[in-house]
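Worksheet for the structure shown next.
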2 protein chains.
Amino acid sequence: MVEAPSPLKRVLVTGGAGYIGSHVVYALQNTRRFKVISIDNHHNSYPKSLLRVSQLSKSELPEGASAQDIETTEIDAHKCNLTQPEQIRQVFQKYGKGGIWGVIHIAAYKAVGESTEIPLTYYANNVGATISLLQVMAEFECTRIVYSSSATVYGIPPIIPIPETTRLQAESPYGKTKVMAETIIQDLCQAEPGRWRAISLRYFNPAGAHPSGVIGEDPRGRPGNLLPLLAHMAVGRVKEDKLMVFGNDYPTPDGTCVRDYLHVLDLASGHLLALDALAPGSTVFDNCPTPARVKAFNLGKGKGMSVYQIVEAMRKATGFDYKTEVIGRRAGDVPDLTADPALAEKELGFKADKDLDAMCRDLWNWQSKNPQGYGED
Amino acid sequence: MVEAPSPLKRVLVTGGAGYIGSHVVYALQNTRRFKVISIDNHHNSYPKSLLRVSQLSKSELPEGASAQDIETTEIDAHKCNLTQPEQIRQVFQKYGKGGIWGVIHIAAYKAVGESTEIPLTYYANNVGATISLLQVMAEFECTRIVYSSSATVYGIPPIIPIPETTRLQAESPYGKTKVMAETIIQDLCQAEPGRWRAISLRYFNPAGAHPSGVIGEDPRGRPGNLLPLLAHMAVGRVKEDKLMVFGNDYPTPDGTCVRDYLHVLDLASGHLLALDALAPGSTVFDNCPTPARVKAFNLGKGKGMSVYQIVEAMRKATGFDYKTEVIGRRAGDVPDLTADPALAEKELGFKADKDLDAMCRDLWNWQSKNPQGYGED
């Protein structure tokens, strides 16, 4: 039985239960224009996140909301594995040819360090799975995709802030998986310009959480990223009493590495803008150099923040007295990764407005309300 | 039931029934040291080729050959699809953990032009399949691989002859699949230096056939490459009475494009040398810059031949009076692709000795004995 057509646009979000995925699903629901289908293998996420998103969206419905508006708050969530084409196919079969309007492909393994240890798993999950997903999409005439890329595609960038025209030269297997998937999508759009439309979003450093504190980042194991680690320290969830700072002798204002943090809800809004830019009538591809309708955009604030600035902002948000200890530089770290966000602003109308204080406040709100993340009960 | 251990080294050849595969299988059998297992989906090959290889090898056995020598002439041929991991797994299961000594991974889609039309199929068959193959190899503790790469990884090379240190910058989806697979193999060897050993062989232009004329190149459809096309013209298998020459205004001695042709049996010998270099005790990885045991070698003669020189050599070999007509340059063609073969000679002991006349003579011997290729009966 194939689901009946719906006036809502059905959008498949892969990795929908993850940190970014859950906020993207929330942003989609918030428009009341989409029906979300999610695929997630819960490798680094929890099914509870989507229940919470759904509740949150329901709680924000106006009184007397229409049946269709209520439908937008429901999620068709599938636990399945993108490395198994048959499992993807089953989800598409449920909606039939043309039944899914577009895909936001977020699912991926994302730890740079781990990718150097188990590269094959990264290539299988991030590249092999993307190929399978695109093949199944083609089968079901679903040819619009927003792809989650990453600032790591730039490797050690020659220019700061980094424009999208920078050559792609990822250093880690993780970064290379993102370059490969972007390349595959680009070649596909090049081959069938009348059929496929794609936007790759190169994320800089997403942070924060929905201000309600009901969804947020909940990495399995010790957080690999700075902000979640600081939140875990403040809430007493990690043992260490000192933050290790990897080098304070970089050519940056205070010597520590600089990154471009943006609020996860701003990042999520970028996905909405990209998705809408895949619709007929969009002008976003008008200035493409070839007939292929494919583009890549940086999603960042365009404002670098140093490790010390982040620690200070978290001190302010949490009241926690962080101790730091400077140790040697970490292999592979780049001094400054700040986006040039001009293209996304000009062509997508994207702007990451929320500031670092808002990110830290919302992160702390989530973490203090959910000290054990989704796993607390 | 897992096959009993054997004093012969079991080598899995993917794409074993193809043009290059069949000559590699022959070269392996010729040493009497290997037992060949072949995987092929017969997309661009014929099962008959392996029957012929086997007969050929048997015919070359000395009288009173040992049972083990006879065993080397047999092939365990599987028709299966590398995009289906379960099918690969079944082959490995037959021999159990450690039962297959190494893999020569030749199978791939290989038409540059077609790859721009159906890139996703190329990425699935050449990259996705390689990832799956490596995963299954890892499962079965088979961690030696010779990978069939291509001169196309160099794109438009900045230096002629092309050394292996040239940056990889493929232009076509086909070429990119080869770069990606090389990259994946390299990262894997980097991650597990004590476990994996790999050599990528960057083929220039293989030509010719076994001098017996019982195996040779038999492309499905109109030949995409120059030499098989000339052979088909001479034997009357293609309709066209004139060879279209794509440009005679290149900066080359006679204005036509220059390529580095090598005899397919020389190419096959390069695979043997590479395979032996994966054995313990080999010194081929001694000068690697990291502990990773992975290298890439050009396989070419290091001698460029122009389109006109090829036509002239084929005229000599076939007696056929080729007509040519110069038409415009073909998009994507590079004036000169000649290998610097020094590294393979120094480190593998590889040398492509056979000359163009031998290639043309052996090609014509095959083609005239098999005007319809393997498909004649």
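In the structure tokens, the first chain shown is A, the next is B, and so on; residue numbers restart at 1 for each chain, and ligands run from 1 in the order shown.
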Is it possible to get the superposed chain A, fitted on chain B over all Cα pairs by sequence order, as a tab-separated table (two decimals) with C-alpha atoms, in the first residue's frame?
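File written: result.tsv
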chain	number	residue	atom	x	y	z
A	1	MET	CA	32.63	-26.83	4.10
A	2	VAL	CA	35.75	-24.74	3.91
A	3	GLU	CA	38.35	-25.79	1.34
A	4	ALA	CA	41.46	-27.42	2.80
A	5	PRO	CA	44.67	-25.39	2.90
A	6	SER	CA	46.80	-25.64	-0.21
A	7	PRO	CA	50.51	-25.10	-0.85
A	8	LEU	CA	49.36	-22.91	-3.75
A	9	LYS	CA	48.64	-19.29	-2.95
A	10	ARG	CA	45.00	-18.58	-3.65
A	11	VAL	CA	44.51	-15.32	-5.45
A	12	LEU	CA	41.15	-13.76	-6.14
A	13	VAL	CA	41.02	-11.85	-9.40
A	14	THR	CA	38.01	-9.57	-9.80
A	15	GLY	CA	37.08	-8.93	-13.40
A	16	GLY	CA	39.00	-12.10	-14.19
A	17	ALA	CA	37.07	-12.83	-17.38
A	18	GLY	CA	37.76	-9.45	-18.94
A	19	TYR	CA	40.48	-8.45	-21.36
A	20	ILE	CA	43.08	-7.56	-18.76
A	21	GLY	CA	41.74	-10.02	-16.19
A	22	SER	CA	42.08	-13.02	-18.49
A	23	HIS	CA	45.68	-12.16	-19.31
A	24	VAL	CA	46.46	-11.63	-15.63
A	25	VAL	CA	44.90	-15.01	-14.81
A	26	TYR	CA	47.04	-16.55	-17.54
A	27	ALA	CA	50.18	-14.94	-16.12
A	28	LEU	CA	49.33	-16.18	-12.63
A	29	GLN	CA	48.77	-19.71	-13.88
A	30	ASN	CA	51.97	-19.60	-15.87
A	31	THR	CA	53.98	-19.40	-12.64
A	32	ARG	CA	52.42	-22.64	-11.30
A	33	ARG	CA	52.42	-20.95	-7.91
A	34	PHE	CA	48.85	-19.73	-7.65
A	35	LYS	CA	45.34	-21.06	-7.60
A	36	VAL	CA	43.07	-18.51	-9.22
A	37	ILE	CA	39.60	-17.65	-8.03
A	38	SER	CA	37.73	-15.29	-10.32
A	39	ILE	CA	34.77	-13.02	-9.77
A	40	ASP	CA	33.18	-11.44	-12.81
A	41	ASN	CA	29.69	-10.20	-13.65
A	42	HIS	CA	30.27	-10.58	-17.43
A	43	HIS	CA	29.13	-7.03	-17.98
A	44	ASN	CA	31.91	-6.48	-20.49
A	45	SER	CA	33.38	-9.97	-20.67
A	46	TYR	CA	32.58	-13.55	-21.55
A	47	PRO	CA	32.85	-16.67	-19.40
A	48	LYS	CA	34.44	-18.39	-22.36
A	49	SER	CA	37.61	-16.37	-21.91
A	50	LEU	CA	38.43	-18.19	-18.69
A	51	LEU	CA	37.76	-21.59	-20.25
A	52	ARG	CA	40.24	-20.63	-22.94
A	53	VAL	CA	42.81	-19.43	-20.41
A	54	SER	CA	42.50	-22.70	-18.58
A	55	GLN	CA	42.91	-24.73	-21.79
A	56	LEU	CA	45.88	-22.61	-22.81
A	57	SER	CA	47.56	-23.12	-19.45
A	58	LYS	CA	46.86	-26.84	-19.57
A	59	SER	CA	48.34	-27.06	-23.07
A	60	GLU	CA	51.54	-25.49	-21.78
A	61	LEU	CA	51.98	-27.97	-18.92
A	62	PRO	CA	55.01	-30.17	-19.36
A	63	GLU	CA	54.38	-33.87	-19.80
A	64	GLY	CA	53.99	-35.67	-16.51
A	65	ALA	CA	53.00	-32.47	-14.70
A	66	SER	CA	52.26	-32.91	-11.01
A	67	ALA	CA	48.74	-32.86	-9.64
A	68	GLN	CA	49.56	-29.51	-8.08
A	69	ASP	CA	50.74	-28.10	-11.39
A	70	ILE	CA	47.52	-29.29	-12.99
A	71	GLU	CA	45.58	-27.62	-10.19
A	72	THR	CA	47.15	-24.29	-11.09
A	73	THR	CA	45.49	-24.45	-14.49
A	74	GLU	CA	42.02	-24.67	-13.00
A	75	ILE	CA	39.98	-21.60	-12.16
A	76	ASP	CA	37.32	-21.30	-9.53
A	77	ALA	CA	35.16	-18.89	-11.51
A	78	HIS	CA	32.18	-17.12	-9.93
A	79	LYS	CA	29.65	-15.05	-11.78
A	80	CYS	CA	28.81	-12.47	-9.21
A	81	ASN	CA	28.36	-8.84	-8.59
A	82	LEU	CA	30.76	-6.84	-6.46
A	83	THR	CA	28.02	-4.35	-5.62
A	84	GLN	CA	26.39	-7.18	-3.63
A	85	PRO	CA	28.56	-7.75	-0.54
A	86	GLU	CA	26.72	-10.99	0.21
A	87	GLN	CA	27.90	-12.44	-3.09
A	88	ILE	CA	31.52	-11.52	-2.37
A	89	ARG	CA	31.20	-12.96	1.11
A	90	GLN	CA	30.06	-16.32	-0.26
A	91	VAL	CA	33.21	-16.64	-2.31
A	92	PHE	CA	35.42	-15.86	0.68
A	93	GLN	CA	33.41	-18.21	2.90
A	94	LYS	CA	34.31	-21.08	0.63
A	95	TYR	CA	37.97	-20.66	1.62
A	96	GLY	CA	37.55	-19.44	5.19
A	97	LYS	CA	39.63	-16.98	7.18
A	98	GLY	CA	43.07	-16.55	5.68
A	99	GLY	CA	42.13	-18.95	2.88
A	100	ILE	CA	42.66	-16.41	0.12
A	101	TRP	CA	46.19	-15.02	0.05
A	102	GLY	CA	45.53	-11.84	-1.89
A	103	VAL	CA	43.26	-10.01	-4.27
A	104	ILE	CA	43.91	-8.46	-7.67
A	105	HIS	CA	41.01	-6.06	-8.03
A	106	ILE	CA	40.55	-5.35	-11.73
A	107	ALA	CA	36.76	-5.28	-12.06
A	108	ALA	CA	35.44	-1.85	-12.96
A	109	TYR	CA	33.42	0.07	-15.47
A	110	LYS	CA	35.95	1.79	-17.68
A	111	ALA	CA	34.44	3.99	-20.38
A	112	VAL	CA	35.34	7.61	-19.76
A	113	GLY	CA	32.55	9.01	-21.93
A	114	GLU	CA	29.89	6.74	-20.46
A	115	SER	CA	31.00	7.74	-16.96
A	116	THR	CA	29.91	11.31	-17.63
A	117	GLU	CA	26.45	10.01	-18.59
A	118	ILE	CA	25.84	7.50	-15.80
A	119	PRO	CA	28.23	8.62	-13.05
A	120	LEU	CA	26.25	7.07	-10.23
A	121	THR	CA	26.61	3.62	-11.79
A	122	TYR	CA	30.34	4.23	-12.06
A	123	TYR	CA	30.64	5.35	-8.46
A	124	ALA	CA	28.59	2.35	-7.30
A	125	ASN	CA	30.56	-0.17	-9.38
A	126	ASN	CA	34.02	1.26	-8.96
A	127	VAL	CA	33.97	2.91	-5.52
A	128	GLY	CA	31.07	1.33	-3.63
A	129	ALA	CA	32.14	-2.13	-4.79
A	130	THR	CA	35.74	-1.52	-3.78
A	131	ILE	CA	34.64	-0.50	-0.29
A	132	SER	CA	32.52	-3.65	0.00
A	133	LEU	CA	35.33	-5.82	-1.30
A	134	LEU	CA	37.80	-4.35	1.22
A	135	GLN	CA	35.29	-4.88	4.04
A	136	VAL	CA	34.79	-8.52	3.15
A	137	MET	CA	38.55	-8.97	2.74
A	138	ALA	CA	39.04	-7.57	6.25
A	139	GLU	CA	36.43	-9.97	7.62
A	140	PHE	CA	38.33	-12.91	6.16
A	141	GLU	CA	41.80	-11.67	7.08
A	142	CYS	CA	42.75	-11.20	3.47
A	143	THR	CA	44.73	-7.96	3.58
A	144	ARG	CA	46.85	-7.89	0.42
A	145	ILE	CA	45.52	-6.10	-2.61
A	146	VAL	CA	46.76	-5.12	-6.04
A	147	TYR	CA	44.44	-2.44	-7.35
A	148	SER	CA	43.88	-1.59	-11.01
A	149	SER	CA	44.15	2.13	-11.27
A	150	SER	CA	44.63	4.15	-14.41
A	151	ALA	CA	46.65	6.93	-15.96
A	152	THR	CA	43.39	8.91	-16.00
A	153	VAL	CA	44.04	9.74	-12.35
A	154	TYR	CA	46.49	12.35	-13.62
A	155	GLY	CA	43.90	14.25	-15.64
A	156	ILE	CA	45.79	16.84	-17.66
A	157	PRO	CA	49.31	16.14	-16.44
A	158	PRO	CA	51.66	19.06	-15.87
A	159	ILE	CA	54.77	17.02	-16.77
A	160	ILE	CA	55.41	14.46	-19.53
A	161	PRO	CA	56.54	11.73	-19.02
A	162	ILE	CA	54.30	11.48	-15.96
A	163	PRO	CA	55.91	10.44	-12.66
A	164	GLU	CA	53.83	8.86	-9.89
A	165	THR	CA	54.36	11.94	-7.72
A	166	THR	CA	52.14	13.99	-10.03
A	167	ARG	CA	49.12	15.38	-8.17
A	168	LEU	CA	45.97	13.35	-8.83
A	169	GLN	CA	43.35	15.41	-10.58
A	170	ALA	CA	41.06	13.26	-12.66
A	171	GLU	CA	38.69	15.02	-15.03
A	172	SER	CA	36.00	12.41	-15.65
A	173	PRO	CA	33.82	10.52	-13.17
A	174	TYR	CA	35.65	7.36	-14.30
A	175	GLY	CA	39.00	8.89	-13.42
A	176	LYS	CA	37.61	10.16	-10.14
A	177	THR	CA	36.43	6.67	-9.19
A	178	LYS	CA	40.03	5.51	-9.60
A	179	VAL	CA	41.37	8.37	-7.46
A	180	MET	CA	38.76	7.67	-4.78
A	181	ALA	CA	39.50	3.94	-4.65
A	182	GLU	CA	43.25	4.60	-4.46
A	183	THR	CA	42.59	7.09	-1.65
A	184	ILE	CA	40.43	4.67	0.30
A	185	ILE	CA	43.03	1.92	0.00
A	186	GLN	CA	45.76	4.32	1.05
A	187	ASP	CA	43.86	5.50	4.13
A	188	LEU	CA	43.17	1.91	5.08
A	189	CYS	CA	46.88	1.01	4.85
A	190	GLN	CA	47.67	4.15	6.84
A	191	ALA	CA	45.22	3.17	9.58
A	192	GLU	CA	46.43	-0.42	9.89
A	193	PRO	CA	50.04	-0.44	8.75
A	194	GLY	CA	50.80	-3.78	10.33
A	195	ARG	CA	47.90	-5.43	8.58
A	196	TRP	CA	47.29	-4.16	5.07
A	197	ARG	CA	49.60	-4.07	2.06
A	198	ALA	CA	48.51	-2.56	-1.21
A	199	ILE	CA	49.85	-1.60	-4.59
A	200	SER	CA	47.90	0.48	-7.08
A	201	LEU	CA	48.87	0.01	-10.71
A	202	ARG	CA	48.21	2.96	-12.94
A	203	TYR	CA	47.68	1.45	-16.37
A	204	PHE	CA	48.55	3.38	-19.46
A	205	ASN	CA	47.20	1.85	-22.72
A	206	PRO	CA	47.16	-1.95	-22.78
A	207	ALA	CA	47.05	-3.51	-26.24
A	208	GLY	CA	47.65	-6.81	-28.01
A	209	ALA	CA	46.76	-10.29	-26.88
A	210	HIS	CA	48.33	-13.60	-25.99
A	211	PRO	CA	50.32	-14.66	-29.09
A	212	SER	CA	48.33	-17.91	-29.33
A	213	GLY	CA	45.32	-15.86	-30.38
A	214	VAL	CA	43.01	-17.79	-28.06
A	215	ILE	CA	42.32	-14.87	-25.71
A	216	GLY	CA	42.07	-11.19	-26.48
A	217	GLU	CA	40.06	-8.02	-26.16
A	218	ASP	CA	36.39	-8.36	-27.06
A	219	PRO	CA	34.53	-5.20	-26.11
A	220	ARG	CA	30.75	-5.39	-26.18
A	221	GLY	CA	29.42	-3.02	-28.82
A	222	ARG	CA	31.52	-0.71	-30.95
A	223	PRO	CA	35.06	-0.53	-29.58
A	224	GLY	CA	35.73	2.67	-27.69
A	225	ASN	CA	39.51	2.38	-27.99
A	226	LEU	CA	41.67	2.90	-31.04
A	227	LEU	CA	43.39	-0.45	-31.46
A	228	PRO	CA	40.35	-2.71	-31.07
A	229	LEU	CA	38.49	-0.37	-33.41
A	230	LEU	CA	41.21	-0.72	-36.06
A	231	ALA	CA	41.14	-4.50	-35.61
A	232	HIS	CA	37.36	-4.54	-36.01
A	233	MET	CA	37.66	-2.43	-39.17
A	234	ALA	CA	40.25	-4.77	-40.66
A	235	VAL	CA	38.15	-7.83	-39.90
A	236	GLY	CA	34.99	-6.19	-41.25
A	237	ARG	CA	33.15	-6.21	-37.95
A	238	VAL	CA	32.32	-2.50	-37.93
A	239	LYS	CA	30.53	-0.67	-40.68
A	240	GLU	CA	32.63	2.47	-40.90
A	241	ASP	CA	35.16	2.60	-43.75
A	242	LYS	CA	37.13	5.51	-42.33
A	243	LEU	CA	38.82	6.13	-39.05
A	244	MET	CA	37.84	9.45	-37.52
A	245	VAL	CA	40.94	11.16	-36.14
A	246	PHE	CA	40.07	13.58	-33.36
A	247	GLY	CA	42.34	16.48	-34.15
A	248	ASN	CA	45.71	16.68	-35.89
A	249	ASP	CA	46.66	20.06	-34.50
A	250	TYR	CA	47.95	18.97	-31.10
A	251	PRO	CA	51.44	20.00	-30.01
A	252	THR	CA	52.82	16.53	-30.83
A	253	PRO	CA	55.26	15.39	-33.56
A	254	ASP	CA	52.54	14.59	-36.13
A	255	GLY	CA	49.74	16.63	-34.54
A	256	THR	CA	47.69	13.64	-33.36
A	257	CYS	CA	47.31	12.57	-29.74
A	258	VAL	CA	50.08	10.51	-28.20
A	259	ARG	CA	49.46	7.59	-25.87
A	260	ASP	CA	51.68	5.08	-24.12
A	261	TYR	CA	50.76	1.60	-25.37
A	262	LEU	CA	52.04	-1.50	-23.69
A	263	HIS	CA	51.47	-5.17	-24.42
A	264	VAL	CA	48.77	-6.72	-22.25
A	265	LEU	CA	51.13	-9.56	-21.33
A	266	ASP	CA	53.68	-7.02	-20.11
A	267	LEU	CA	50.89	-5.37	-18.14
A	268	ALA	CA	49.94	-8.78	-16.73
A	269	SER	CA	53.53	-9.38	-15.65
A	270	GLY	CA	53.34	-6.11	-13.69
A	271	HIS	CA	50.50	-7.62	-11.66
A	272	LEU	CA	52.61	-10.63	-10.79
A	273	LEU	CA	55.48	-8.43	-9.68
A	274	ALA	CA	53.11	-6.31	-7.59
A	275	LEU	CA	51.50	-9.37	-6.04
A	276	ASP	CA	54.88	-10.81	-5.08
A	277	ALA	CA	55.84	-7.43	-3.62
A	278	LEU	CA	53.01	-7.86	-1.10
A	279	ALA	CA	54.67	-10.95	0.37
A	280	PRO	CA	56.61	-10.82	3.63
A	281	GLY	CA	60.26	-10.05	3.00
A	282	SER	CA	59.57	-7.75	0.08
A	283	THR	CA	61.53	-4.52	0.26
A	284	VAL	CA	59.17	-2.52	-1.91
A	285	PHE	CA	57.68	-0.59	1.01
A	286	ASP	CA	61.00	0.05	2.76
A	287	ASN	CA	61.26	3.64	1.62
A	288	CYS	CA	57.63	4.60	2.29
A	289	PRO	CA	57.40	7.96	4.09
A	290	THR	CA	55.08	6.50	6.77
A	291	PRO	CA	54.69	3.01	8.21
A	292	ALA	CA	51.81	2.43	5.77
A	293	ARG	CA	52.69	-0.21	3.22
A	294	VAL	CA	51.04	1.21	0.15
A	295	LYS	CA	52.43	2.40	-3.18
A	296	ALA	CA	51.33	3.32	-6.66
A	297	PHE	CA	53.21	2.47	-9.85
A	298	ASN	CA	52.79	3.49	-13.45
A	299	LEU	CA	52.62	0.59	-15.85
A	300	GLY	CA	53.63	1.89	-19.27
A	301	LYS	CA	56.47	1.63	-21.74
A	302	GLY	CA	57.47	5.23	-21.31
A	303	LYS	CA	57.25	5.64	-25.07
A	304	GLY	CA	54.47	7.65	-26.66
A	305	MET	CA	52.82	6.58	-29.89
A	306	SER	CA	50.64	8.88	-31.98
A	307	VAL	CA	47.33	7.97	-33.59
A	308	TYR	CA	49.00	8.00	-37.00
A	309	GLN	CA	51.80	5.73	-35.77
A	310	ILE	CA	49.23	3.29	-34.45
A	311	VAL	CA	47.32	3.29	-37.71
A	312	GLU	CA	50.54	2.68	-39.62
A	313	ALA	CA	51.52	-0.18	-37.33
A	314	MET	CA	48.10	-1.76	-37.76
A	315	ARG	CA	48.34	-1.33	-41.54
A	316	LYS	CA	51.59	-3.27	-41.41
A	317	ALA	CA	50.12	-6.00	-39.19
A	318	THR	CA	46.80	-6.45	-40.98
A	319	GLY	CA	47.55	-5.39	-44.55
A	320	PHE	CA	44.31	-3.40	-44.34
A	321	ASP	CA	44.25	-0.10	-46.17
A	322	TYR	CA	42.91	2.25	-43.46
A	323	LYS	CA	41.40	5.54	-44.55
A	324	THR	CA	41.43	8.33	-42.04
A	325	GLU	CA	39.53	11.55	-41.76
A	326	VAL	CA	40.52	14.31	-39.43
A	327	ILE	CA	37.64	15.80	-37.49
A	328	GLY	CA	37.69	18.24	-34.59
A	329	ARG	CA	39.29	17.59	-31.26
A	330	ARG	CA	37.28	15.54	-28.81
A	331	ALA	CA	36.34	17.18	-25.52
A	332	GLY	CA	38.53	15.97	-22.70
A	333	ASP	CA	41.37	14.59	-24.83
A	334	VAL	CA	44.87	15.38	-23.61
A	335	PRO	CA	47.68	15.74	-26.20
A	336	ASP	CA	50.17	13.40	-24.58
A	337	LEU	CA	49.87	10.75	-21.90
A	338	THR	CA	53.21	9.04	-21.63
A	339	ALA	CA	54.32	7.31	-18.46
A	340	ASP	CA	57.51	7.76	-16.60
A	341	PRO	CA	58.03	4.04	-15.94
A	342	ALA	CA	61.25	4.43	-13.93
A	343	LEU	CA	59.77	3.74	-10.50
A	344	ALA	CA	58.13	0.46	-11.51
A	345	GLU	CA	61.36	-0.62	-13.17
A	346	LYS	CA	63.47	0.28	-10.16
A	347	GLU	CA	61.22	-1.02	-7.39
A	348	LEU	CA	59.21	-3.81	-9.00
A	349	GLY	CA	61.67	-4.82	-11.71
A	350	PHE	CA	58.95	-4.11	-14.26
A	351	LYS	CA	59.73	-3.50	-17.91
A	352	ALA	CA	57.26	-3.42	-20.80
A	353	ASP	CA	59.56	-4.95	-23.40
A	354	LYS	CA	57.23	-5.86	-26.23
A	355	ASP	CA	57.01	-3.26	-28.97
A	356	LEU	CA	54.12	-1.82	-30.92
A	357	ASP	CA	54.61	-4.25	-33.79
A	358	ALA	CA	54.23	-7.18	-31.41
A	359	MET	CA	51.07	-5.63	-29.95
A	360	CYS	CA	49.53	-5.16	-33.40
A	361	ARG	CA	50.60	-8.58	-34.63
A	362	ASP	CA	49.14	-10.30	-31.56
A	363	LEU	CA	45.98	-8.21	-31.70
A	364	TRP	CA	45.49	-9.11	-35.35
A	365	ASN	CA	46.23	-12.76	-34.70
A	366	TRP	CA	43.47	-12.80	-32.07
A	367	GLN	CA	41.04	-10.79	-34.17
A	368	SER	CA	41.54	-12.72	-37.41
A	369	LYS	CA	41.22	-16.05	-35.60
A	370	ASN	CA	38.15	-14.77	-33.71
A	371	PRO	CA	36.42	-12.27	-35.99
A	372	GLN	CA	33.39	-12.25	-33.72
A	373	GLY	CA	35.45	-12.45	-30.54
A	374	TYR	CA	34.17	-14.89	-27.95
A	375	GLY	CA	30.67	-14.49	-29.26
A	376	GLU	CA	31.18	-16.38	-32.51
A	377	ASP	CA	29.69	-19.66	-31.41
Checklist entry - Can you list, as a PyMOL selection string, every residue of region 222-282 of chain A that DSSP puts in alpha helix (DSSP H)? => result chain A and resi 226-235+264-276
